[in-house]
>>> print(open('query-v3.cif').read())   # mmCIF, N, CA and C atoms
data_my_file
#
loop_
_atom_site.label_atom_id
_atom_site.label_comp_id
_atom_site.auth_asym_id
_atom_site.auth_seq_id
_atom_site.Cartn_x
_atom_site.Cartn_y
_atom_site.Cartn_z
N MET A 1 113.02 55.04 -8.06
CA MET A 1 111.67 55.39 -7.69
C MET A 1 110.74 54.75 -8.72
N ASN A 2 110.32 53.56 -8.42
CA ASN A 2 109.53 52.81 -9.38
C ASN A 2 108.08 52.63 -8.99
N THR A 3 107.80 52.53 -7.72
CA THR A 3 106.45 52.19 -7.32
C THR A 3 105.55 53.42 -7.25
N PHE A 4 104.27 53.16 -7.39
CA PHE A 4 103.27 54.22 -7.28
C PHE A 4 103.39 54.91 -5.93
N GLU A 5 103.58 54.13 -4.86
CA GLU A 5 103.66 54.69 -3.52
C GLU A 5 104.86 55.62 -3.36
N GLU A 6 106.01 55.23 -3.95
CA GLU A 6 107.19 56.07 -3.86
C GLU A 6 106.97 57.39 -4.60
N LYS A 7 106.42 57.31 -5.79
CA LYS A 7 106.16 58.51 -6.58
C LYS A 7 105.15 59.41 -5.88
N ARG A 8 104.10 58.81 -5.35
CA ARG A 8 103.07 59.58 -4.64
C ARG A 8 103.67 60.25 -3.41
N SER A 9 104.48 59.53 -2.68
CA SER A 9 105.10 60.07 -1.48
C SER A 9 105.98 61.27 -1.80
N LEU A 10 106.78 61.16 -2.85
CA LEU A 10 107.65 62.27 -3.24
C LEU A 10 106.84 63.49 -3.65
N LEU A 11 105.79 63.26 -4.41
CA LEU A 11 104.97 64.38 -4.88
C LEU A 11 104.21 65.02 -3.73
N ILE A 12 103.69 64.23 -2.82
CA ILE A 12 102.96 64.79 -1.68
C ILE A 12 103.91 65.58 -0.78
N GLU A 13 105.16 65.11 -0.65
CA GLU A 13 106.14 65.87 0.12
C GLU A 13 106.39 67.23 -0.55
N MET A 14 106.46 67.25 -1.86
CA MET A 14 106.68 68.50 -2.58
C MET A 14 105.47 69.42 -2.44
N ILE A 15 104.28 68.85 -2.48
CA ILE A 15 103.06 69.65 -2.31
C ILE A 15 103.05 70.28 -0.92
N ALA A 16 103.36 69.49 0.09
CA ALA A 16 103.38 70.01 1.46
C ALA A 16 104.41 71.14 1.60
N PHE A 17 105.57 70.94 0.98
CA PHE A 17 106.60 71.98 1.04
C PHE A 17 106.17 73.25 0.32
N SER A 18 105.44 73.09 -0.78
CA SER A 18 105.03 74.27 -1.57
C SER A 18 104.09 75.19 -0.80
N THR A 19 103.44 74.68 0.21
CA THR A 19 102.49 75.50 0.98
C THR A 19 103.02 75.87 2.36
N VAL A 20 104.30 75.65 2.61
CA VAL A 20 104.87 75.93 3.93
C VAL A 20 104.81 77.43 4.26
N ASP A 21 104.81 78.27 3.23
CA ASP A 21 104.73 79.71 3.48
C ASP A 21 103.28 80.21 3.58
N GLY A 22 102.33 79.28 3.51
CA GLY A 22 100.92 79.63 3.64
C GLY A 22 100.22 79.90 2.33
N HIS A 23 100.95 79.86 1.23
CA HIS A 23 100.37 80.15 -0.09
C HIS A 23 100.89 79.16 -1.12
N LEU A 24 100.05 78.86 -2.10
CA LEU A 24 100.49 78.08 -3.25
C LEU A 24 100.47 79.02 -4.44
N HIS A 25 101.64 79.44 -4.85
CA HIS A 25 101.78 80.35 -5.98
C HIS A 25 101.50 79.59 -7.28
N LYS A 26 100.99 80.30 -8.26
CA LYS A 26 100.66 79.69 -9.55
C LYS A 26 101.87 79.00 -10.17
N LYS A 27 103.04 79.62 -10.08
CA LYS A 27 104.25 79.02 -10.65
C LYS A 27 104.64 77.74 -9.90
N GLU A 28 104.40 77.71 -8.60
CA GLU A 28 104.67 76.49 -7.83
C GLU A 28 103.74 75.38 -8.28
N TYR A 29 102.46 75.70 -8.46
CA TYR A 29 101.50 74.71 -8.94
C TYR A 29 101.92 74.18 -10.31
N GLU A 30 102.30 75.08 -11.20
CA GLU A 30 102.72 74.67 -12.54
C GLU A 30 103.96 73.77 -12.49
N PHE A 31 104.90 74.12 -11.63
CA PHE A 31 106.10 73.30 -11.46
C PHE A 31 105.72 71.90 -10.96
N LEU A 32 104.85 71.85 -9.97
CA LEU A 32 104.39 70.57 -9.43
C LEU A 32 103.65 69.76 -10.50
N ALA A 33 102.86 70.42 -11.32
CA ALA A 33 102.13 69.73 -12.39
C ALA A 33 103.11 69.11 -13.39
N ILE A 34 104.20 69.78 -13.68
CA ILE A 34 105.23 69.23 -14.58
C ILE A 34 105.84 67.98 -13.96
N ILE A 35 106.15 68.05 -12.67
CA ILE A 35 106.71 66.88 -11.97
C ILE A 35 105.70 65.74 -11.98
N ALA A 36 104.44 66.03 -11.70
CA ALA A 36 103.40 65.00 -11.69
C ALA A 36 103.28 64.35 -13.06
N ASN A 37 103.33 65.14 -14.09
CA ASN A 37 103.26 64.61 -15.45
C ASN A 37 104.47 63.71 -15.74
N ALA A 38 105.65 64.15 -15.32
CA ALA A 38 106.86 63.34 -15.52
C ALA A 38 106.79 62.01 -14.76
N LEU A 39 106.05 62.02 -13.66
CA LEU A 39 105.87 60.78 -12.87
C LEU A 39 104.66 59.98 -13.34
N ASN A 40 104.05 60.44 -14.45
CA ASN A 40 102.91 59.74 -15.08
C ASN A 40 101.63 59.77 -14.26
N PHE A 41 101.39 60.87 -13.53
CA PHE A 41 100.13 61.03 -12.81
C PHE A 41 99.19 61.86 -13.66
N GLU A 42 97.95 61.42 -13.77
CA GLU A 42 96.92 62.18 -14.46
C GLU A 42 96.63 63.43 -13.64
N ILE A 43 96.15 64.49 -14.29
CA ILE A 43 95.92 65.77 -13.62
C ILE A 43 94.91 65.66 -12.49
N ASP A 44 93.87 64.84 -12.64
CA ASP A 44 92.88 64.72 -11.56
C ASP A 44 93.46 63.99 -10.35
N VAL A 45 94.32 63.02 -10.59
CA VAL A 45 95.00 62.31 -9.50
C VAL A 45 95.94 63.28 -8.79
N PHE A 46 96.69 64.04 -9.58
CA PHE A 46 97.60 65.04 -9.03
C PHE A 46 96.85 66.04 -8.16
N ASN A 47 95.74 66.57 -8.66
CA ASN A 47 94.97 67.54 -7.88
C ASN A 47 94.42 66.94 -6.59
N ASP A 48 94.09 65.66 -6.62
CA ASP A 48 93.60 64.98 -5.42
C ASP A 48 94.68 64.90 -4.34
N PHE A 49 95.95 64.87 -4.75
CA PHE A 49 97.04 64.79 -3.78
C PHE A 49 97.09 66.01 -2.86
N PHE A 50 96.52 67.12 -3.29
CA PHE A 50 96.50 68.32 -2.45
C PHE A 50 95.60 68.14 -1.23
N HIS A 51 94.78 67.11 -1.25
CA HIS A 51 93.84 66.85 -0.15
C HIS A 51 94.21 65.61 0.64
N GLN A 52 95.40 65.09 0.42
CA GLN A 52 95.83 63.87 1.09
C GLN A 52 97.01 64.15 2.01
N GLU A 53 97.00 63.48 3.12
CA GLU A 53 98.14 63.50 4.01
C GLU A 53 98.55 62.06 4.22
N LEU A 54 99.61 61.69 3.57
CA LEU A 54 100.11 60.33 3.67
C LEU A 54 101.49 60.35 4.29
N PRO A 55 101.81 59.35 5.06
CA PRO A 55 103.18 59.30 5.59
C PRO A 55 104.15 59.14 4.43
N SER A 56 105.23 59.89 4.48
CA SER A 56 106.20 59.79 3.41
C SER A 56 107.07 58.55 3.61
N LEU A 57 107.43 57.93 2.51
CA LEU A 57 108.29 56.76 2.54
C LEU A 57 109.74 57.22 2.58
N PRO A 58 110.58 56.53 3.32
CA PRO A 58 112.00 56.93 3.33
C PRO A 58 112.62 56.70 1.96
N ILE A 59 113.48 57.62 1.56
CA ILE A 59 114.18 57.50 0.29
C ILE A 59 115.47 56.74 0.57
N LYS A 60 115.65 55.63 -0.13
CA LYS A 60 116.72 54.71 0.20
C LYS A 60 118.11 55.18 -0.19
N SER A 61 118.32 55.58 -1.43
CA SER A 61 119.68 55.90 -1.85
C SER A 61 119.98 57.39 -1.67
N GLU A 62 121.26 57.67 -1.45
CA GLU A 62 121.66 59.06 -1.29
C GLU A 62 121.40 59.84 -2.57
N PHE A 63 121.63 59.23 -3.71
CA PHE A 63 121.39 59.89 -4.99
C PHE A 63 119.93 60.34 -5.09
N GLN A 64 119.00 59.49 -4.70
CA GLN A 64 117.58 59.85 -4.75
C GLN A 64 117.25 60.95 -3.74
N ARG A 65 117.89 60.92 -2.59
CA ARG A 65 117.67 61.98 -1.59
C ARG A 65 118.18 63.32 -2.11
N VAL A 66 119.34 63.31 -2.77
CA VAL A 66 119.89 64.53 -3.35
C VAL A 66 118.95 65.05 -4.45
N GLN A 67 118.45 64.14 -5.27
CA GLN A 67 117.50 64.53 -6.32
C GLN A 67 116.26 65.19 -5.72
N GLN A 68 115.70 64.58 -4.67
CA GLN A 68 114.50 65.14 -4.06
C GLN A 68 114.78 66.49 -3.41
N PHE A 69 115.94 66.61 -2.76
CA PHE A 69 116.32 67.89 -2.18
C PHE A 69 116.38 68.96 -3.27
N TYR A 70 116.99 68.63 -4.41
CA TYR A 70 117.11 69.59 -5.50
C TYR A 70 115.74 69.95 -6.08
N ARG A 71 114.86 68.96 -6.19
CA ARG A 71 113.49 69.25 -6.65
C ARG A 71 112.80 70.24 -5.71
N LEU A 72 112.95 69.99 -4.42
CA LEU A 72 112.34 70.89 -3.43
C LEU A 72 112.94 72.29 -3.52
N ALA A 73 114.25 72.36 -3.72
CA ALA A 73 114.92 73.65 -3.83
C ALA A 73 114.44 74.39 -5.08
N LEU A 74 114.29 73.67 -6.18
CA LEU A 74 113.76 74.30 -7.40
C LEU A 74 112.34 74.81 -7.18
N LEU A 75 111.56 74.02 -6.48
CA LEU A 75 110.19 74.43 -6.14
C LEU A 75 110.22 75.70 -5.29
N MET A 76 111.14 75.75 -4.35
CA MET A 76 111.25 76.90 -3.46
C MET A 76 111.54 78.17 -4.26
N TYR A 77 112.34 78.07 -5.29
CA TYR A 77 112.71 79.23 -6.10
C TYR A 77 111.75 79.49 -7.25
N SER A 78 110.81 78.59 -7.51
CA SER A 78 109.96 78.69 -8.70
C SER A 78 109.05 79.92 -8.72
N ASP A 79 108.65 80.41 -7.55
CA ASP A 79 107.76 81.58 -7.54
C ASP A 79 108.53 82.90 -7.51
N GLY A 80 109.85 82.82 -7.49
CA GLY A 80 110.66 84.03 -7.51
C GLY A 80 110.79 84.73 -6.17
N VAL A 81 110.19 84.14 -5.14
CA VAL A 81 110.24 84.74 -3.80
C VAL A 81 110.74 83.69 -2.82
N LEU A 82 111.80 84.02 -2.11
CA LEU A 82 112.34 83.10 -1.11
C LEU A 82 111.80 83.51 0.26
N HIS A 83 110.91 82.70 0.81
CA HIS A 83 110.33 82.98 2.12
C HIS A 83 111.20 82.38 3.21
N LYS A 84 111.24 83.05 4.34
CA LYS A 84 112.04 82.58 5.47
C LYS A 84 111.60 81.18 5.91
N LYS A 85 110.27 80.94 5.92
CA LYS A 85 109.75 79.63 6.32
C LYS A 85 110.22 78.53 5.36
N GLU A 86 110.29 78.86 4.07
CA GLU A 86 110.76 77.87 3.09
C GLU A 86 112.22 77.53 3.33
N ALA A 87 113.03 78.55 3.56
CA ALA A 87 114.46 78.33 3.79
C ALA A 87 114.70 77.46 5.02
N LEU A 88 113.96 77.72 6.09
CA LEU A 88 114.10 76.91 7.31
C LEU A 88 113.58 75.49 7.08
N ALA A 89 112.44 75.38 6.41
CA ALA A 89 111.83 74.08 6.17
C ALA A 89 112.72 73.19 5.32
N ILE A 90 113.31 73.74 4.28
CA ILE A 90 114.13 72.90 3.40
C ILE A 90 115.39 72.41 4.12
N GLN A 91 115.93 73.22 5.00
CA GLN A 91 117.09 72.79 5.77
C GLN A 91 116.71 71.65 6.72
N GLN A 92 115.54 71.75 7.34
CA GLN A 92 115.09 70.68 8.23
C GLN A 92 114.78 69.40 7.46
N ILE A 93 114.18 69.55 6.29
CA ILE A 93 113.88 68.38 5.45
C ILE A 93 115.18 67.69 5.05
N ALA A 94 116.18 68.48 4.65
CA ALA A 94 117.46 67.92 4.24
C ALA A 94 118.12 67.16 5.39
N ILE A 95 118.05 67.71 6.58
CA ILE A 95 118.61 67.02 7.76
C ILE A 95 117.86 65.72 7.99
N GLY A 96 116.53 65.78 7.88
CA GLY A 96 115.71 64.57 8.04
C GLY A 96 116.03 63.51 6.99
N MET A 97 116.46 63.94 5.82
CA MET A 97 116.86 63.00 4.76
C MET A 97 118.25 62.43 5.00
N GLY A 98 118.96 63.01 5.96
CA GLY A 98 120.32 62.54 6.23
C GLY A 98 121.36 63.17 5.33
N LEU A 99 121.02 64.32 4.74
CA LEU A 99 121.97 65.01 3.87
C LEU A 99 122.84 65.94 4.70
N ASN A 100 124.04 66.13 4.26
CA ASN A 100 125.01 66.96 4.96
C ASN A 100 124.55 68.43 4.96
N PRO A 101 124.41 69.04 6.14
CA PRO A 101 123.95 70.43 6.22
C PRO A 101 124.86 71.42 5.49
N SER A 102 126.17 71.20 5.53
CA SER A 102 127.09 72.11 4.83
C SER A 102 126.87 72.03 3.33
N ALA A 103 126.68 70.83 2.82
CA ALA A 103 126.45 70.66 1.38
C ALA A 103 125.13 71.29 0.96
N THR A 104 124.09 71.11 1.77
CA THR A 104 122.79 71.68 1.39
C THR A 104 122.84 73.21 1.41
N LYS A 105 123.52 73.78 2.39
CA LYS A 105 123.66 75.24 2.44
C LYS A 105 124.43 75.75 1.23
N ARG A 106 125.45 75.02 0.85
CA ARG A 106 126.26 75.42 -0.31
C ARG A 106 125.44 75.35 -1.60
N ILE A 107 124.64 74.30 -1.74
CA ILE A 107 123.79 74.17 -2.93
C ILE A 107 122.78 75.31 -2.97
N LEU A 108 122.15 75.61 -1.85
CA LEU A 108 121.17 76.70 -1.82
C LEU A 108 121.82 78.04 -2.16
N LYS A 109 123.05 78.25 -1.71
CA LYS A 109 123.77 79.48 -2.03
C LYS A 109 124.06 79.53 -3.53
N LEU A 110 124.52 78.41 -4.10
CA LEU A 110 124.79 78.37 -5.54
C LEU A 110 123.52 78.63 -6.35
N MET A 111 122.42 78.06 -5.91
CA MET A 111 121.15 78.25 -6.61
C MET A 111 120.70 79.70 -6.52
N ASN A 112 120.92 80.32 -5.37
CA ASN A 112 120.53 81.71 -5.19
C ASN A 112 121.32 82.64 -6.12
N GLU A 113 122.56 82.26 -6.40
CA GLU A 113 123.43 83.08 -7.25
C GLU A 113 123.25 82.77 -8.74
N ALA A 114 122.64 81.64 -9.07
CA ALA A 114 122.52 81.21 -10.46
C ALA A 114 121.27 81.79 -11.12
N PRO A 115 121.34 82.03 -12.43
CA PRO A 115 120.13 82.47 -13.12
C PRO A 115 119.09 81.34 -13.09
N ASN A 116 117.87 81.68 -12.78
CA ASN A 116 116.77 80.71 -12.69
C ASN A 116 117.01 79.62 -11.65
N ALA A 117 117.96 79.80 -10.77
CA ALA A 117 118.25 78.87 -9.67
C ALA A 117 118.69 77.49 -10.13
N ILE A 118 119.08 77.36 -11.37
CA ILE A 118 119.48 76.05 -11.90
C ILE A 118 120.99 75.93 -11.87
N ILE A 119 121.46 74.80 -11.32
CA ILE A 119 122.89 74.52 -11.31
C ILE A 119 123.14 73.22 -12.06
N ASP A 120 124.34 73.06 -12.52
CA ASP A 120 124.74 71.88 -13.27
C ASP A 120 124.62 70.63 -12.39
N PRO A 121 124.04 69.55 -12.91
CA PRO A 121 123.90 68.33 -12.12
C PRO A 121 125.22 67.78 -11.59
N GLU A 122 126.28 67.95 -12.37
CA GLU A 122 127.59 67.47 -11.91
C GLU A 122 128.07 68.26 -10.70
N VAL A 123 127.79 69.56 -10.69
CA VAL A 123 128.15 70.40 -9.55
C VAL A 123 127.36 69.96 -8.33
N LEU A 124 126.07 69.72 -8.53
CA LEU A 124 125.21 69.26 -7.45
C LEU A 124 125.78 68.00 -6.79
N LEU A 125 126.06 67.01 -7.60
CA LEU A 125 126.59 65.75 -7.07
C LEU A 125 127.97 65.93 -6.46
N HIS A 126 128.81 66.75 -7.09
CA HIS A 126 130.17 66.98 -6.59
C HIS A 126 130.15 67.59 -5.18
N VAL A 127 129.26 68.55 -4.96
CA VAL A 127 129.17 69.19 -3.64
C VAL A 127 128.85 68.16 -2.56
N PHE A 128 127.94 67.25 -2.85
CA PHE A 128 127.60 66.23 -1.86
C PHE A 128 128.70 65.18 -1.72
N GLN A 129 129.37 64.85 -2.81
CA GLN A 129 130.43 63.86 -2.76
C GLN A 129 131.66 64.38 -2.02
N GLU A 130 131.91 65.69 -2.10
CA GLU A 130 133.01 66.30 -1.36
C GLU A 130 132.93 66.02 0.13
N GLN A 131 131.71 65.96 0.64
CA GLN A 131 131.50 65.78 2.07
C GLN A 131 131.86 64.37 2.55
N HIS A 132 132.04 63.46 1.60
CA HIS A 132 132.40 62.08 1.98
C HIS A 132 133.91 61.93 2.23
N ASN A 133 134.68 62.90 1.77
CA ASN A 133 136.14 62.81 1.91
C ASN A 133 136.61 63.40 3.20
#
>>> encode(input="query-v3.cif", output="C-alpha cells")
Amino acid sequence: MNTFEEKRSLLIEMIAFSTVDGHLHKKEYEFLAIIANALNFEIDVFNDFFHQELPSLPIKSEFQRVQQFYRLALLMYSDGVLHKKEALAIQQIAIGMGLNPSATKRILKLMNEAPNAIIDPEVLLHVFQEQHN
C-alpha cells in the first residue's frame, strides 16, 4: 500500500464501516485517527475523509486483504460494543474481498474471546493459510 489513493481508499472504507451502526463512537474515531497518522495523513485531511465518498480500490494481495479485514475487525471491537449490523457488514466486506468465510468467522470468534480483541499476527495468518490446504 504505497500510493496516496490506496491509503485513502483503505481509510475511507474504515470510516464507512465505523458508522455502519449509525454512530461514530469516540474510541472508533480515536482508532481511526491512529491509523490515519500511521498512514501519514494530517488531521485535517483525515477529518475531510468523513465527508467523502470515493470508490474503493481493490486490494491486490491476499496478505493486504487479511490486514484490512483485521483492521476493520479491530475497529469493530474498539468501542467495546459489538453491533449486529457491524457483524453482518464485516462478513459481507470479507466476502467481497475474496476472503474465506470460515476463516473470517474463526478470526472473529478468536477476537471475541481474546482480551482487547487482539490476536497474534501469526495466528491470524495461519487461520487464513489453513484454508488453502
>>> residues_around(input="query-v3.cif", residues="A:Leu72", least_positions_apart="3", cutoff="8 Å", atoms="only N, CA and C atoms", output="PyMOL selection string")
chain A and resi 13-14+17-18+66-69+75-78+90
>>> closest_residue(input="query-v3.cif", among="A:Asn112, A:Asn2, A:Asn40, A:Thr104", to="A:His126", atoms="only C-alpha atoms")
A:Thr104
>>> closest_residue(input="query-v3.cif", among="A:Ala94, A:Lys84, A:Glu130, A:Val123", to="A:Ile107", atoms="all atoms listed in the file")
A:Val123
>>> select_by_dssp(input="query-v3.cif", residues="chain A", states="alpha helix (DSSP H)", output="ChimeraX atom specification")
/A:4-18,26-38,43-48,62-78,84-96,101-113,121-130
>>> atom_distance(input="query-v3.cif", atom1="atom C of A:Ile35", atom2="atom CA of A:Leu10")
9.6 Å
>>> axis_aligned_box(input="query-v3.cif", around="stretch 42-48 of chain A", padding_each_side="4 Å", output="AutoDock Vina command-line options")
--center_x 95.4 --center_y 64.5 --center_z -9.4 --size_x 13.1 --size_y 14.1 --size_z 18.1
>>> atom_distance(input="query-v3.cif", atom1="atom C of A:Ala89", atom2="atom C of A:Gln52")
18.4 Å
>>> atom_distance(input="query-v3.cif", atom1="atom C of A:Leu11", atom2="atom N of A:His83")
19.4 Å
>>> resolve_selection(input="query-v3.cif", expression="the PyMOL selection byres (((chain A and resi 58 and name CA) around 12) and name CA)", output="list in words")
Met1, Glu5, Glu6, Lys7, Ser9, Leu10, Glu13, Pro55, Ser56, Leu57, Ile59, Lys60, Ser61, Glu62, Gln64, Arg65, Gln68, Ile93, Gly96, Met97 and Gly98 of chain A
>>> write_last_selection(input="query-v3.cif", atoms="N, CA and C atoms", output="PDB file, in the coordinates of the input")
ATOM      1  N   MET A   1     113.020  55.040  -8.060  1.00  0.00           N
ATOM      2  CA  MET A   1     111.670  55.390  -7.690  1.00  0.00           C
ATOM      3  C   MET A   1     110.740  54.750  -8.720  1.00  0.00           C
ATOM      4  N   GLU A   5     103.580  54.130  -4.860  1.00  0.00           N
ATOM      5  CA  GLU A   5     103.660  54.690  -3.520  1.00  0.00           C
ATOM      6  C   GLU A   5     104.860  55.620  -3.360  1.00  0.00           C
ATOM      7  N   GLU A   6     106.010  55.230  -3.950  1.00  0.00           N
ATOM      8  CA  GLU A   6     107.190  56.070  -3.860  1.00  0.00           C
ATOM      9  C   GLU A   6     106.970  57.390  -4.600  1.00  0.00           C
ATOM     10  N   LYS A   7     106.420  57.310  -5.790  1.00  0.00           N
ATOM     11  CA  LYS A   7     106.160  58.510  -6.580  1.00  0.00           C
ATOM     12  C   LYS A   7     105.150  59.410  -5.880  1.00  0.00           C
ATOM     13  N   SER A   9     104.480  59.530  -2.680  1.00  0.00           N
ATOM     14  CA  SER A   9     105.100  60.070  -1.480  1.00  0.00           C
ATOM     15  C   SER A   9     105.980  61.270  -1.800  1.00  0.00           C
ATOM     16  N   LEU A  10     106.780  61.160  -2.850  1.00  0.00           N
ATOM     17  CA  LEU A  10     107.650  62.270  -3.240  1.00  0.00           C
ATOM     18  C   LEU A  10     106.840  63.490  -3.650  1.00  0.00           C
ATOM     19  N   GLU A  13     105.160  65.110  -0.650  1.00  0.00           N
ATOM     20  CA  GLU A  13     106.140  65.870   0.120  1.00  0.00           C
ATOM     21  C   GLU A  13     106.390  67.230  -0.550  1.00  0.00           C
ATOM     22  N   PRO A  55     101.810  59.350   5.060  1.00  0.00           N
ATOM     23  CA  PRO A  55     103.180  59.300   5.590  1.00  0.00           C
ATOM     24  C   PRO A  55     104.150  59.140   4.430  1.00  0.00           C
ATOM     25  N   SER A  56     105.230  59.890   4.480  1.00  0.00           N
ATOM     26  CA  SER A  56     106.200  59.790   3.410  1.00  0.00           C
ATOM     27  C   SER A  56     107.070  58.550   3.610  1.00  0.00           C
ATOM     28  N   LEU A  57     107.430  57.930   2.510  1.00  0.00           N
ATOM     29  CA  LEU A  57     108.290  56.760   2.540  1.00  0.00           C
ATOM     30  C   LEU A  57     109.740  57.220   2.580  1.00  0.00           C
ATOM     31  N   ILE A  59     113.480  57.620   1.560  1.00  0.00           N
ATOM     32  CA  ILE A  59     114.180  57.500   0.290  1.00  0.00           C
ATOM     33  C   ILE A  59     115.470  56.740   0.570  1.00  0.00           C
ATOM     34  N   LYS A  60     115.650  55.630  -0.130  1.00  0.00           N
ATOM     35  CA  LYS A  60     116.720  54.710   0.200  1.00  0.00           C
ATOM     36  C   LYS A  60     118.110  55.180  -0.190  1.00  0.00           C
ATOM     37  N   SER A  61     118.320  55.580  -1.430  1.00  0.00           N
ATOM     38  CA  SER A  61     119.680  55.900  -1.850  1.00  0.00           C
ATOM     39  C   SER A  61     119.980  57.390  -1.670  1.00  0.00           C
ATOM     40  N   GLU A  62     121.260  57.670  -1.450  1.00  0.00           N
ATOM     41  CA  GLU A  62     121.660  59.060  -1.290  1.00  0.00           C
ATOM     42  C   GLU A  62     121.400  59.840  -2.570  1.00  0.00           C
ATOM     43  N   GLN A  64     119.000  59.490  -4.700  1.00  0.00           N
ATOM     44  CA  GLN A  64     117.580  59.850  -4.750  1.00  0.00           C
ATOM     45  C   GLN A  64     117.250  60.950  -3.740  1.00  0.00           C
ATOM     46  N   ARG A  65     117.890  60.920  -2.590  1.00  0.00           N
ATOM     47  CA  ARG A  65     117.670  61.980  -1.590  1.00  0.00           C
ATOM     48  C   ARG A  65     118.180  63.320  -2.110  1.00  0.00           C
ATOM     49  N   GLN A  68     115.700  64.580  -4.670  1.00  0.00           N
ATOM     50  CA  GLN A  68     114.500  65.140  -4.060  1.00  0.00           C
ATOM     51  C   GLN A  68     114.780  66.490  -3.410  1.00  0.00           C
ATOM     52  N   ILE A  93     114.180  69.550   6.290  1.00  0.00           N
ATOM     53  CA  ILE A  93     113.880  68.380   5.450  1.00  0.00           C
ATOM     54  C   ILE A  93     115.180  67.690   5.050  1.00  0.00           C
ATOM     55  N   GLY A  96     116.530  65.780   7.880  1.00  0.00           N
ATOM     56  CA  GLY A  96     115.710  64.570   8.040  1.00  0.00           C
ATOM     57  C   GLY A  96     116.030  63.510   6.990  1.00  0.00           C
ATOM     58  N   MET A  97     116.460  63.940   5.820  1.00  0.00           N
ATOM     59  CA  MET A  97     116.860  63.000   4.760  1.00  0.00           C
ATOM     60  C   MET A  97     118.250  62.430   5.000  1.00  0.00           C
ATOM     61  N   GLY A  98     118.960  63.010   5.960  1.00  0.00           N
ATOM     62  CA  GLY A  98     120.320  62.540   6.230  1.00  0.00           C
ATOM     63  C   GLY A  98     121.360  63.170   5.330  1.00  0.00           C
TER      64      GLY A  98
END
>>> closest_residue(input="query-v3.cif", among="A:Leu108, A:Phe63, A:Asn116, A:Asp21", to="A:Lys85", atoms="all atoms listed in the file")
A:Asp21
>>> residues_around(input="query-v3.cif", residues="A:Ala103", least_positions_apart="2", cutoff="8 Å", atoms="all atoms listed in the file", output="mmCIF file with N, CA and C atoms, in the frame of the given file")
data_model
loop_
_atom_site.group_PDB
_atom_site.id
_atom_site.type_symbol
_atom_site.label_atom_id
_atom_site.label_comp_id
_atom_site.auth_asym_id
_atom_site.auth_seq_id
_atom_site.Cartn_x
_atom_site.Cartn_y
_atom_site.Cartn_z
ATOM 1 N N LEU A 99 121.020 64.320 4.740
ATOM 2 C CA LEU A 99 121.970 65.010 3.870
ATOM 3 C C LEU A 99 122.840 65.940 4.700
ATOM 4 N N ASN A 100 124.040 66.130 4.260
ATOM 5 C CA ASN A 100 125.010 66.960 4.960
ATOM 6 C C ASN A 100 124.550 68.430 4.960
ATOM 7 N N PRO A 101 124.410 69.040 6.140
ATOM 8 C CA PRO A 101 123.950 70.430 6.220
ATOM 9 C C PRO A 101 124.860 71.420 5.490
ATOM 10 N N LYS A 105 123.520 73.780 2.390
ATOM 11 C CA LYS A 105 123.660 75.240 2.440
ATOM 12 C C LYS A 105 124.430 75.750 1.230
ATOM 13 N N ARG A 106 125.450 75.020 0.850
ATOM 14 C CA ARG A 106 126.260 75.420 -0.310
ATOM 15 C C ARG A 106 125.440 75.350 -1.600
ATOM 16 N N ILE A 107 124.640 74.300 -1.740
ATOM 17 C CA ILE A 107 123.790 74.170 -2.930
ATOM 18 C C ILE A 107 122.780 75.310 -2.970
ATOM 19 N N LEU A 108 122.150 75.610 -1.850
ATOM 20 C CA LEU A 108 121.170 76.700 -1.820
ATOM 21 C C LEU A 108 121.820 78.040 -2.160
ATOM 22 N N LYS A 109 123.050 78.250 -1.710
ATOM 23 C CA LYS A 109 123.770 79.480 -2.030
ATOM 24 C C LYS A 109 124.060 79.530 -3.530
ATOM 25 N N VAL A 127 129.260 68.550 -4.960
ATOM 26 C CA VAL A 127 129.170 69.190 -3.640
ATOM 27 C C VAL A 127 128.850 68.160 -2.560
ATOM 28 N N PHE A 128 127.940 67.250 -2.850
ATOM 29 C CA PHE A 128 127.600 66.230 -1.860
ATOM 30 C C PHE A 128 128.700 65.180 -1.720
ATOM 31 N N GLN A 129 129.370 64.850 -2.810
ATOM 32 C CA GLN A 129 130.430 63.860 -2.760
ATOM 33 C C GLN A 129 131.660 64.380 -2.020
ATOM 34 N N GLN A 131 131.710 65.960 0.640
ATOM 35 C CA GLN A 131 131.500 65.780 2.070
ATOM 36 C C GLN A 131 131.860 64.370 2.550
#
>>> residues_around(input="query-v3.cif", residues="stretch 41-50 of chain A", least_positions_apart="5", cutoff="7 Å", atoms="only N, CA and C atoms", output="ChimeraX atom specification")
/A:12,15,35-36
>>> decode(input="query-v3.cif", residues="stretch 54-74 of chain A", atoms="C-alpha atoms", output="PDB file, in the first residue's frame")
ATOM      1  CA  LEU A  54     -14.845   7.564  -3.103  1.00  0.00           C
ATOM      2  CA  PRO A  55     -14.909   4.231  -4.848  1.00  0.00           C
ATOM      3  CA  SER A  56     -12.642   1.850  -3.028  1.00  0.00           C
ATOM      4  CA  LEU A  57      -9.695   0.409  -4.895  1.00  0.00           C
ATOM      5  CA  PRO A  58      -9.370  -3.370  -4.980  1.00  0.00           C
ATOM      6  CA  ILE A  59      -6.716  -4.735  -2.652  1.00  0.00           C
ATOM      7  CA  LYS A  60      -4.378  -6.832  -4.742  1.00  0.00           C
ATOM      8  CA  SER A  61      -2.618  -9.263  -2.416  1.00  0.00           C
ATOM      9  CA  GLU A  62      -4.278 -11.666  -0.020  1.00  0.00           C
ATOM     10  CA  PHE A  63      -1.930 -10.523   2.748  1.00  0.00           C
ATOM     11  CA  GLN A  64      -3.151  -6.928   2.341  1.00  0.00           C
ATOM     12  CA  ARG A  65      -6.789  -8.079   2.302  1.00  0.00           C
ATOM     13  CA  VAL A  66      -6.227 -10.027   5.537  1.00  0.00           C
ATOM     14  CA  GLN A  67      -4.576  -6.956   7.071  1.00  0.00           C
ATOM     15  CA  GLN A  68      -7.512  -4.740   6.106  1.00  0.00           C
ATOM     16  CA  PHE A  69     -10.017  -7.285   7.406  1.00  0.00           C
ATOM     17  CA  TYR A  70      -8.157  -7.363  10.740  1.00  0.00           C
ATOM     18  CA  ARG A  71      -8.070  -3.546  10.894  1.00  0.00           C
ATOM     19  CA  LEU A  72     -11.822  -3.467  10.343  1.00  0.00           C
ATOM     20  CA  ALA A  73     -12.345  -6.142  12.989  1.00  0.00           C
ATOM     21  CA  LEU A  74     -10.240  -4.173  15.484  1.00  0.00           C
TER      22      LEU A  74
END
